[in-house]
Every structure is written in C-alpha cells, then in structure tokens.
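Just below is one structure, and these are the notes that go with it.
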Amino acid sequence: NNSTVGFIGLGNMGGPMALNLLNKNHKVIAYDVMDAAIKPVASAGAQIAGSPAEVAETANQIITMLPNSSHVQEAYCGKEGILQSAQKNSLLIDCSTIDPVVSKNVANSAKEKFATYVDAPVSGGVGAAKGATLTFMVGGEKEEFERAKEILQHIGKNVVHCGEVGTGNAAKICNNMLLAISMIGVSEAMNLGVRLGLDTKVLAGIINTSSGRCWSSDTYNPVPGVIAGVPSNNNYQGGFGTALMTKDLGLAQQAASDTKSVTSLGSSALQIYRLLCEKGYAEKDFSSIFDYISKTVEM
Ligand code: NAD
C-alpha cells in the first residue's frame with residue numbers, strides 16, 4: 001500500500017505513528033508547529049508541509065494527533081486548517097484525546113465540506129505507538145469506521161468501533177479517569193506500605209497476586225525499582241505527561257457535568273493532578289504522583 005497519508009502532530013505519540021506508516025511503505029506528508037518534532041519524520045522520508053491546509057491539498061486521508069481540543073479546532077477549522085482545502089470524500093481521523101462535543105462539532109464542519117471526520121483516540125502509550133500495538137477507539141458510522149480501520153490497522157493492534165462520532169473520546173476519557181484513580185490508589189498504598197516497613201518489591205508482588213491488582217501496579221508501577229523500563233525507573237521521564245492526564249480528567253468532569261453523573265473520585269483525582277502540575281510535575285509522567293506523595297509528610 002503506497003497511498004499518501006497526511007499526518008499532523010508529530011509529538012511523543014504522533015512521531016512514532018508517522019514513522020510506522022513510513023516503515024509500512026505509505027507515503028506521508030506531515031506537519032507540526034515545532035521543528036524539533038518534524039526532524040525525525042523528515043529524515044525518514046516524509047514530505048513536510050507548511051500548514052494543515054497544505055497537507056489536505058495533497059492527502060485525502062489525514063491523521064491528527066494533537067494535545068487537546070483547542071489544537072484540534074485550530075488544525076481543522078483555523079485559517080490555515082484542514083477544512084480550508086479538504087478534498088471531497090476525504091477521510092479525517094483525529095486520534096487526539098479531546099472533548100467528545102468538539103469531535104461532534106468538527107465532524108459537522110467536515111460534513112459541510114463533504115469530508116468525513118471520525119474520532120479515534122488511542123490507548124497504549126508511547127511504547128505501543130512505537131511498536132504499532134495501539135488500541136484505537138473509533139466513533140463514526142459503520143462504513144466510516146471500516147475506512148478508518150484500513151489505515152489504523154497498520155499502526156495499531158486493535159481498532160474498536162465504539163458507536164457514533166464522539167463515542168471514541170467518550171470511551172477514552174472514562175478509561176483515563178479510572179486510570180488516574182487507580183494510579184493515585186496504588187501510590188497511596190505503596191507509600192503507606194513503605195512507611196509501615198514493607199519492602200516495595202514484596203508489597204507490589206503481593207498486590208499483583210491479590211485483589212488490589214491493576215495495571216497501575218502490575219504493569220506501570222509508580223515506585224522506582226519495582227518494574228524495569230517504566231517511567232518511574234527513569235526519573236518519571238517520557239510516558240504520559242501529568243499535564244495531559246490533568247487535561248483528560250478535566251474532560252471527564254466536563255462530561256460528568258453535562259450528563260449529571262456522580263464521579264466523586266474522578267473529581268478528587270482532577271484536584272490531585274492539578275495540584276501535581278502546580279508542584280512542578282506537569283511535564284513528568286503521571287505516575288510521578290507517587291514521588292509527590294512519598295515526599296509529602298502532610299497532604
Ligand atoms: P505531545 O505534546 O508530545 O505532541 C503533540 C504535538 O502536536 C507536538 O509536537 C506539538 O508541537 C504539535 N502541535 C500542537 N499544536 C499543533 C498545531 N496546531 N498543528 C500542528 N501540530 C501541533 O503529545 P502526545 O503525548 O503525542 O499526545 C497527543 C494526544 O494523544 C493527546 O491528546 C494525548 O492526551 C493523547 N495520548 C497520549 C498518550 C501518551 O502516552 N503520551 C497516550 C494516549 C493518548
């Protein structure tokens with residue numbers, strides 16, 4: 001397959017995803033606002049565009065991987081946005097985690113230009129982006145989903161149809177709200193155990209074979225020295241940033257307000273992650289909540 005794919009947003013996730021498309025013999029035309037993000041993708045053979053609109057002039061299938069709702073709005077609906085020059089019947093796949101309401105609005109704007117927009121946020125993190133093992137949660141009509149799957153299967157392992165446009169992001173923010181809560185929970189339990197005199201590996205081993213077991217403990221443990229190769233073992237660098245997790249928790253709270261849903265722990269998790277950003281952890285991995293808790297005598 002050598003069809004041209006447009007790729008906008010070449011950060012921690014988008015960079016490796018674009019590289020995988022190139023590795024699988026797709027032509028890629030790419031754009032990012034930051035030169036540093038463009039370099040590796042350009043070196044690997046991608047053509048570089050000067051704006052999202054320029055990407056859309058060349059490619060009729062485009063993937064976007066941007067930080068949040070405002071960036072997506074800008075890249076699609078801005079002055080030099082994709083929709084300025086989107087070709088008829090083009091397929092626009094937004095993999096960013098954003099407000100489901102914004103996904104629906106952009107989808108409507110795309111429809112006016114006779115283009116199709118689906119939301120397809122991902123789960124799996126940077127490792128899965130590099131290894132092309134991401135899970136995509138796709139919101140759109142069945143046939144739009146099938147079209148999106150054609151491309152996404154080259155850069156992910158699971159491509160799941162969630163329902164109409166916006167439901168991909170709905171699934172994603174529910175998952176991440178739970179992830180934040182479990183990461184805080186594991187950090188509190190591990191810190192308490194350390195203060196009670198337990199060895200961290202012994203305690204993690206017990207939790208991981210007991211009813212407290214969860215991904216935050218057995219795959220991504222926040223305590224340095226428990227699991228090799230995770231951010232907690234690398235001064236909380238790389239991985240999924242605290243600022244991005246805080247954004248996702250904000251999206252979950254917005255959605256909870258919209259639907260009048262009770263999310264007491266989700267709301268507390270947002271406050272805790274907001275505080276963590278304030279304390280200088282914004283760019284560190286979200287498992288750094290353990291570092292903060294373990295250095296805090298009184299919360
Ligand atoms: P990132 O900040 O590393 O990358 C975003 C990129 O978008 C940057 O290179 C930035 O320069 C670029 N950008 C910003 N505005 C732009 C614009 N208007 N036009 C073009 N490029 C623009 O973020 P990331 O970690 O790659 O995350 C991207 C999305 O994926 C976020 O919504 C995040 O919540 C989600 N996500 C991240 C992870 C993870 O582990 N990092 C996992 C799952 C989902």
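By order of appearance in the structure tokens: chains A, B, ..., then residues from 1 within every chain, and ligands from 1 in the order shown.
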Could you give me, as an NGL selection string, the residues within 10 Å of A:Asn235, counting only C-alpha atoms and dropping anything in the same chain fewer than 5 positions from it? :A and (224 or 230 or 284-285 or 288 or 291)
Mind writing the picked residues with C-alpha atoms as a compact mmCIF listing (two decimals), in the first residue's frame?
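This is the output file part-v3.txt:
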```txt
# COMPACT_ATOMS: atom_id res chain seq x y z
CA PRO A 224 11.19 3.35 41.39
CA VAL A 230 8.76 2.20 33.09
CA LYS A 284 6.75 14.35 34.20
CA ASP A 285 4.92 11.06 33.70
CA SER A 288 5.05 10.77 39.48
CA ASP A 291 7.04 10.80 44.10
```
Wanna dump the chain A-ligand 1 contacts at 9 Å for me, each residue with its shortest atom pair and the distance in Å to one decimal, counting only C-alpha atoms and all ligand atoms, ordered by chain and number, as a tab-separated table?
```
residue	atom	partner	partner_atom_place_in_ligand_line	distance
A:Ile8	CA	ligand 1	20 (C)	5.3
A:Gly9	CA	ligand 1	7 (O)	3.8
A:Leu10	CA	ligand 1	9 (O)	4.6
A:Gly11	CA	ligand 1	4 (O)	3.2
A:Asn12	CA	ligand 1	3 (O)	3.8
A:Met13	CA	ligand 1	26 (O)	3.7
A:Gly14	CA	ligand 1	26 (O)	5.3
A:Gly15	CA	ligand 1	26 (O)	7.4
A:Tyr31	CA	ligand 1	20 (C)	5.8
A:Asp32	CA	ligand 1	21 (N)	3.7
A:Val33	CA	ligand 1	21 (N)	4.6
A:Met34	CA	ligand 1	11 (O)	4.6
A:Asp35	CA	ligand 1	11 (O)	8.1
A:Ala36	CA	ligand 1	9 (O)	7.9
A:Ala37	CA	ligand 1	9 (O)	5.2
A:Ile38	CA	ligand 1	9 (O)	7.9
A:Ser51	CA	ligand 1	19 (N)	7.5
A:Pro52	CA	ligand 1	19 (N)	6.9
A:Thr64	CA	ligand 1	20 (C)	8.2
A:Met65	CA	ligand 1	28 (C)	5.1
A:Leu66	CA	ligand 1	7 (O)	4.3
A:Pro67	CA	ligand 1	31 (C)	4.0
A:Asn68	CA	ligand 1	32 (O)	5.1
A:Ser69	CA	ligand 1	32 (O)	8.1
A:Ser70	CA	ligand 1	18 (N)	8.3
A:His71	CA	ligand 1	18 (N)	4.9
A:Val72	CA	ligand 1	18 (N)	6.9
A:Gln73	CA	ligand 1	18 (N)	8.3
A:Glu74	CA	ligand 1	18 (N)	5.6
A:Ala75	CA	ligand 1	18 (N)	4.9
A:Tyr76	CA	ligand 1	18 (N)	8.7
A:Gly78	CA	ligand 1	18 (N)	8.7
A:Gly81	CA	ligand 1	18 (N)	8.5
A:Cys95	CA	ligand 1	30 (O)	6.6
A:Ser96	CA	ligand 1	32 (O)	3.9
A:Thr97	CA	ligand 1	32 (O)	3.8
A:Ile98	CA	ligand 1	32 (O)	6.2
A:Pro121	CA	ligand 1	44 (C)	6.5
A:Val122	CA	ligand 1	43 (C)	5.2
A:Ser123	CA	ligand 1	43 (C)	4.9
A:Gly124	CA	ligand 1	42 (C)	5.9
A:Gly125	CA	ligand 1	40 (O)	3.4
A:Val126	CA	ligand 1	40 (O)	5.0
A:Gly127	CA	ligand 1	40 (O)	8.0
A:Ala128	CA	ligand 1	40 (O)	8.7
A:Ala129	CA	ligand 1	42 (C)	8.4
A:Leu134	CA	ligand 1	43 (C)	8.8
A:Lys172	CA	ligand 1	44 (C)	8.4
A:Gly238	CA	ligand 1	41 (N)	8.0
A:Gly239	CA	ligand 1	40 (O)	5.1
A:Phe240	CA	ligand 1	40 (O)	3.8
A:Gly241	CA	ligand 1	41 (N)	6.5
A:Ala243	CA	ligand 1	34 (O)	8.9
A:Leu244	CA	ligand 1	34 (O)	5.2
A:Met245	CA	ligand 1	34 (O)	6.9
A:Lys247	CA	ligand 1	34 (O)	7.4
A:Asp248	CA	ligand 1	34 (O)	6.7
A:Asp285	CA	ligand 1	40 (O)	8.7
```
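The neighbours of A:Ser85 here are the residues that come within 12 Å of it, using only C-alpha atoms and leaving out any residue fewer than 6 positions away in the same chain; they are Ser51, Pro52, Ala53, Glu54, Val55, Ala56, Glu57, Thr58, Ala59, Asn60, Ala75, Tyr76, Cys77, Gly78, Lys79, Ala110, Lys113, Phe114 and Ala115 of chain A.
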Write to file, as an mmCIF file, in the first residue's frame, the residues of the selection just made, with C-alpha atoms.
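out-v8.cif was written with the following content:
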```
data_model
loop_
_atom_site.group_PDB
_atom_site.id
_atom_site.type_symbol
_atom_site.label_atom_id
_atom_site.label_comp_id
_atom_site.auth_asym_id
_atom_site.auth_seq_id
_atom_site.Cartn_x
_atom_site.Cartn_y
_atom_site.Cartn_z
ATOM 1 C CA SER A 51 0.274 24.133 7.176
ATOM 2 C CA PRO A 52 -2.602 21.699 7.787
ATOM 3 C CA ALA A 53 -4.333 23.177 4.712
ATOM 4 C CA GLU A 54 -1.307 22.241 2.606
ATOM 5 C CA VAL A 55 -1.430 18.676 3.932
ATOM 6 C CA ALA A 56 -5.100 18.472 2.900
ATOM 7 C CA GLU A 57 -4.308 19.672 -0.632
ATOM 8 C CA THR A 58 -2.104 16.598 -1.162
ATOM 9 C CA ALA A 59 -3.615 13.871 1.001
ATOM 10 C CA ASN A 60 -7.225 12.714 1.099
ATOM 11 C CA ALA A 75 -5.812 22.427 12.917
ATOM 12 C CA TYR A 76 -9.221 21.665 11.353
ATOM 13 C CA CYS A 77 -11.179 24.923 11.415
ATOM 14 C CA GLY A 78 -8.422 27.560 11.677
ATOM 15 C CA LYS A 79 -7.345 29.998 8.951
ATOM 16 C CA ALA A 110 -16.232 18.415 7.887
ATOM 17 C CA LYS A 113 -17.064 20.256 3.099
ATOM 18 C CA PHE A 114 -18.190 16.759 2.010
ATOM 19 C CA ALA A 115 -15.405 15.199 4.078
#
```
Shell around A:Cys214 at 9 Å using only C-alpha atoms, local window under 6 positions removed, as a VMD selection string: chain A and resid 182 186 207 to 208
Dump C-alpha atoms for the selected residues as a PDB file, in the first residue's frame?
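File selection_5.pdb, as written:
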```pdb
ATOM      1  CA  SER A 182      -6.030   3.619  40.224  1.00  0.00           C
ATOM      2  CA  VAL A 186      -1.524   2.400  44.054  1.00  0.00           C
ATOM      3  CA  ILE A 207      -0.750  -6.694  45.470  1.00  0.00           C
ATOM      4  CA  ASN A 208      -0.143  -8.086  41.979  1.00  0.00           C
TER       5      ASN A 208
END
```
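Closest approach to A:Val138 among A:Glu283, A:Asp199, A:Asp94, A:Asp218: A:Asp94, based on only C-alpha atoms.
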